[in-house]
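The block underneath contains the structure these notes are about, expressed in structure tokens.
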Amino acid sequence: MHPIPLSDLPPRDWAASSRDLDRDGVVHLPGALGPEALAKVEAAVEFSLANPGPSARHFYPEEAATFFEDRGSRHLPLVRETGIDSMLAALWGEDRFWYLGEQLFLKEGGRSRRTPWHQDTSYLRMRGSQLVACWISLDALPKQHCLEFVRGSHRGVLYNGSAFAADDETAPLYRHSPLPRLPDIQARRGEFDIVSWDVTPGDMIVFHLGALHGGAGTDQRMRRRTVSLRFLGPDVVYDGRVRDERGAREGNDEAMAGVYAGLADGDPFPVAHLEQV
Ligand SMILES: O=C(O)CCC(=O)C(=O)O
């Protein structure tokens, strides 16, 4: 399928959006997806929810509200059919990039928890400027239920990941790590430059995977279905910084051990196992 040209997509000042993304690590693109494109995203998300992949999980299963996550690499066609590939090319000035897969979250059934503050790069061994997620909510969300970001944090410290522990959202993913523990952003919000938006279905938020971000929970009778489509470009290198001094591997890192074998910090990221967009 040929990419949908930018001229067929909702108009925007792409140079300004590109500057915002580079400076802030995040940019809100209101109305990026028209009704047809949005319907395709919704169908893809509903398919994934009805057919969870092997890594699907329920966070905090002891709690009444649902907080479900699924990851996979089943929706690359969607990227082309919605013009997201053309939008990314406009943001990056680069039309060669790879699909890192999708991550879905479903929160419903009462007051679900927040998604703890974290950086995706704590879980992924990647470093570079061309490393983003396109986050889409299928449900209208007022600002206080949106995904939130610490502006500019993609250029700052790489923190240890959050283990998503029920009793402490900053509890570290890697127990014996030189990476500093996450600050308690939620407890000290006033100290951080936090940004979020009211979003309506069709909006897209593009953020650098190194940006600190955290997602609101839900209230009674709310449904919050969100999907992140993630990509990397050619300037991304393997991030070989030690995560756990005792060699423990976690989550995605464990699954990628074979791909990373023999790589040194700063080597070009091995893209052979990924699908080019
Ligand atoms: O939507 C959310 O609550 C979390 C999203 C998120 O953390 C991500 O897409 O990386």
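Each chain in the structure tokens gets a letter, A, B, ..., in the order shown, and its residues are numbered from 1; ligands are numbered from 1 in order too.
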
Compile a residue-level contact table for chain A against ligand 1 at a cut-off of 7 Å, reporting for every qualifying residue the shortest atom pair and its distance in Å to one decimal, with only C-alpha atoms and all ligand atoms counted, rows ordered by chain and ascending number, as a tab-separated table.
```
residue	atom	partner	partner_atom_place_in_ligand_line	distance
A:Gln103	CA	ligand 1	9 (O)	6.3
A:Phe105	CA	ligand 1	1 (O)	5.8
A:Arg114	CA	ligand 1	3 (O)	6.7
A:Thr115	CA	ligand 1	3 (O)	4.9
A:Asp120	CA	ligand 1	10 (O)	6.1
A:Ala133	CA	ligand 1	9 (O)	6.7
A:Trp135	CA	ligand 1	9 (O)	6.0
A:Leu147	CA	ligand 1	1 (O)	5.6
A:His213	CA	ligand 1	7 (O)	6.5
A:Gly214	CA	ligand 1	7 (O)	6.0
A:Gly215	CA	ligand 1	3 (O)	3.5
A:Ala216	CA	ligand 1	3 (O)	5.9
A:Thr226	CA	ligand 1	1 (O)	5.3
A:Val227	CA	ligand 1	9 (O)	6.5
A:Ser228	CA	ligand 1	9 (O)	4.7
```

- Could you tell me, as a PyMOL selection string, which residues of stretch 62-178 of chain A DSSP assigns to alpha helix (DSSP H) when given the backbone? chain A and resi 76-81+84-92

Let's have the selection written as a compact mmCIF listing (two decimals), in the first residue's frame, with C-alpha atoms.
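Output contents, as saved in selection_34.txt:
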```
# COMPACT_ATOMS: atom_id res chain seq x y z
CA LEU A 76 1.50 -2.38 11.42
CA PRO A 77 -1.08 -2.30 8.57
CA LEU A 78 -3.04 0.18 10.69
CA VAL A 79 -0.06 2.55 10.68
CA ARG A 80 -0.18 2.70 6.90
CA GLU A 81 -3.97 2.76 6.57
CA ILE A 84 0.49 7.69 10.80
CA ASP A 85 3.57 6.73 8.74
CA SER A 86 3.30 9.99 6.76
CA MET A 87 2.77 12.01 9.95
CA LEU A 88 5.89 10.52 11.53
CA ALA A 89 7.90 11.15 8.39
CA ALA A 90 6.81 14.80 8.61
CA LEU A 91 7.75 15.04 12.28
CA TRP A 92 11.16 13.42 11.81
```

- Please provide the set of residues having any atom within 7 Å of stretch 121-127 of chain A, restricted to only C-alpha atoms, with same-chain residues fewer than 2 positions apart removed, written as a list in words. Gln119, Leu158, Tyr159, Asn160, Gly161, Leu209, Gly210, Val236, Val237, Tyr238, Asp239, Gly240, Asn252 and Asp253 of chain A

- Task: Mind listing the strand (DSSP E) residues of stretch 79-170 of chain A, per DSSP on the backbone, as a count of residues only?
- Result: 28

List as JSON lines every residue of stretch 163-234 of chain A that is in contact with stretch 36-51 of chain A, defined as an atom at most 12 Å from one of its atoms (using only C-alpha atoms), together with the nearest atom pair and the distance in Å rounded to one decimal, sorted by chain and then rising number.
```
{"residue": "A:Thr200", "atom": "CA", "partner": "A:Leu38", "partner_atom": "CA", "distance": 11.0}
{"residue": "A:Pro201", "atom": "CA", "partner": "A:Leu38", "partner_atom": "CA", "distance": 7.3}
{"residue": "A:Gly202", "atom": "CA", "partner": "A:Leu38", "partner_atom": "CA", "distance": 5.9}
{"residue": "A:Asp203", "atom": "CA", "partner": "A:Leu38", "partner_atom": "CA", "distance": 9.2}
{"residue": "A:Met204", "atom": "CA", "partner": "A:Leu38", "partner_atom": "CA", "distance": 10.4}
{"residue": "A:Arg224", "atom": "CA", "partner": "A:Val45", "partner_atom": "CA", "distance": 11.9}
{"residue": "A:Arg225", "atom": "CA", "partner": "A:Val45", "partner_atom": "CA", "distance": 8.1}
{"residue": "A:Thr226", "atom": "CA", "partner": "A:Val45", "partner_atom": "CA", "distance": 8.3}
{"residue": "A:Val227", "atom": "CA", "partner": "A:Val45", "partner_atom": "CA", "distance": 7.3}
{"residue": "A:Ser228", "atom": "CA", "partner": "A:Val45", "partner_atom": "CA", "distance": 10.4}
{"residue": "A:Leu229", "atom": "CA", "partner": "A:Val41", "partner_atom": "CA", "distance": 10.4}
```

Limited to N, CA and C atoms, could you put the picked residues into a file as a PDB file, in the first residue's frame?
```pdb
ATOM      1  N   THR A 200      -9.946  14.344  22.588  1.00  0.00           N
ATOM      2  CA  THR A 200     -11.152  13.766  21.990  1.00  0.00           C
ATOM      3  C   THR A 200     -10.705  12.699  21.010  1.00  0.00           C
ATOM      4  N   PRO A 201     -11.557  11.675  20.789  1.00  0.00           N
ATOM      5  CA  PRO A 201     -11.158  10.620  19.857  1.00  0.00           C
ATOM      6  C   PRO A 201     -10.785  11.221  18.503  1.00  0.00           C
ATOM      7  N   GLY A 202      -9.639  10.801  17.983  1.00  0.00           N
ATOM      8  CA  GLY A 202      -9.102  11.392  16.750  1.00  0.00           C
ATOM      9  C   GLY A 202      -7.825  12.167  17.047  1.00  0.00           C
ATOM     10  N   ASP A 203      -7.673  12.599  18.310  1.00  0.00           N
ATOM     11  CA  ASP A 203      -6.423  13.271  18.695  1.00  0.00           C
ATOM     12  C   ASP A 203      -5.312  12.217  18.824  1.00  0.00           C
ATOM     13  N   MET A 204      -4.099  12.670  18.673  1.00  0.00           N
ATOM     14  CA  MET A 204      -2.951  11.777  18.888  1.00  0.00           C
ATOM     15  C   MET A 204      -1.906  12.559  19.671  1.00  0.00           C
ATOM     16  N   ARG A 224     -11.650   3.718  29.631  1.00  0.00           N
ATOM     17  CA  ARG A 224     -10.465   4.405  29.090  1.00  0.00           C
ATOM     18  C   ARG A 224      -9.660   3.387  28.298  1.00  0.00           C
ATOM     19  N   ARG A 225      -9.843   3.431  26.972  1.00  0.00           N
ATOM     20  CA  ARG A 225      -9.090   2.512  26.091  1.00  0.00           C
ATOM     21  C   ARG A 225      -8.037   3.336  25.361  1.00  0.00           C
ATOM     22  N   THR A 226      -6.781   2.988  25.563  1.00  0.00           N
ATOM     23  CA  THR A 226      -5.716   3.740  24.905  1.00  0.00           C
ATOM     24  C   THR A 226      -4.760   2.783  24.213  1.00  0.00           C
ATOM     25  N   VAL A 227      -4.149   3.277  23.157  1.00  0.00           N
ATOM     26  CA  VAL A 227      -3.156   2.455  22.451  1.00  0.00           C
ATOM     27  C   VAL A 227      -1.966   3.338  22.095  1.00  0.00           C
ATOM     28  N   SER A 228      -0.785   2.759  22.258  1.00  0.00           N
ATOM     29  CA  SER A 228       0.451   3.415  21.821  1.00  0.00           C
ATOM     30  C   SER A 228       1.051   2.586  20.702  1.00  0.00           C
ATOM     31  N   LEU A 229       1.317   3.231  19.574  1.00  0.00           N
ATOM     32  CA  LEU A 229       2.013   2.577  18.464  1.00  0.00           C
ATOM     33  C   LEU A 229       3.434   3.134  18.516  1.00  0.00           C
TER      34      LEU A 229
END
```

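Every protein, DNA or RNA residue with an atom at most 6 Å from A:Val206, where only C-alpha atoms count and chain neighbours fewer than 2 positions away do not, is listed here: Val26, Val27, Ala133 and Cys134 of chain A.
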
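Nearest residue to A:Ile4, choosing from A:Pro61, A:Gly251, A:Gly83, A:Pro180 and counting only C-alpha atoms: A:Gly83.
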
- Message: Give me the residues near A:Gly25 as JSON, numbers by chain, where near means some atom within 6 Å (using only C-alpha atoms) and where sequence neighbours in that chain fewer than 5 positions away do not count.
- Response: {"A": [152, 154, 207, 208, 211]}

Requested write-out: N, CA and C atoms of the selected residues, as a PDB file, in the first residue's frame:
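The resulting out12.pdb:
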```
ATOM      1  N   GLY A 152      10.248  18.017  28.614  1.00  0.00           N
ATOM      2  CA  GLY A 152      11.712  18.079  28.478  1.00  0.00           C
ATOM      3  C   GLY A 152      12.459  16.928  29.126  1.00  0.00           C
ATOM      4  N   HIS A 154      12.773  13.918  28.361  1.00  0.00           N
ATOM      5  CA  HIS A 154      13.423  12.962  27.447  1.00  0.00           C
ATOM      6  C   HIS A 154      14.913  13.285  27.294  1.00  0.00           C
ATOM      7  N   PHE A 207       4.997  11.090  21.736  1.00  0.00           N
ATOM      8  CA  PHE A 207       5.988  11.398  22.780  1.00  0.00           C
ATOM      9  C   PHE A 207       7.238  10.550  22.610  1.00  0.00           C
ATOM     10  N   HIS A 208       8.348  11.147  23.053  1.00  0.00           N
ATOM     11  CA  HIS A 208       9.625  10.436  23.026  1.00  0.00           C
ATOM     12  C   HIS A 208       9.604   9.380  24.130  1.00  0.00           C
ATOM     13  N   ALA A 211      10.628  10.205  27.655  1.00  0.00           N
ATOM     14  CA  ALA A 211       9.900  11.213  28.448  1.00  0.00           C
ATOM     15  C   ALA A 211       9.236  10.537  29.652  1.00  0.00           C
TER      16      ALA A 211
END
```

- Item | Among the residues A:Gly31, A:Gly101, A:Gly109, A:Gly247, the one that comes closest to A:Gln276 [using only C-alpha atoms] | A:Gly101
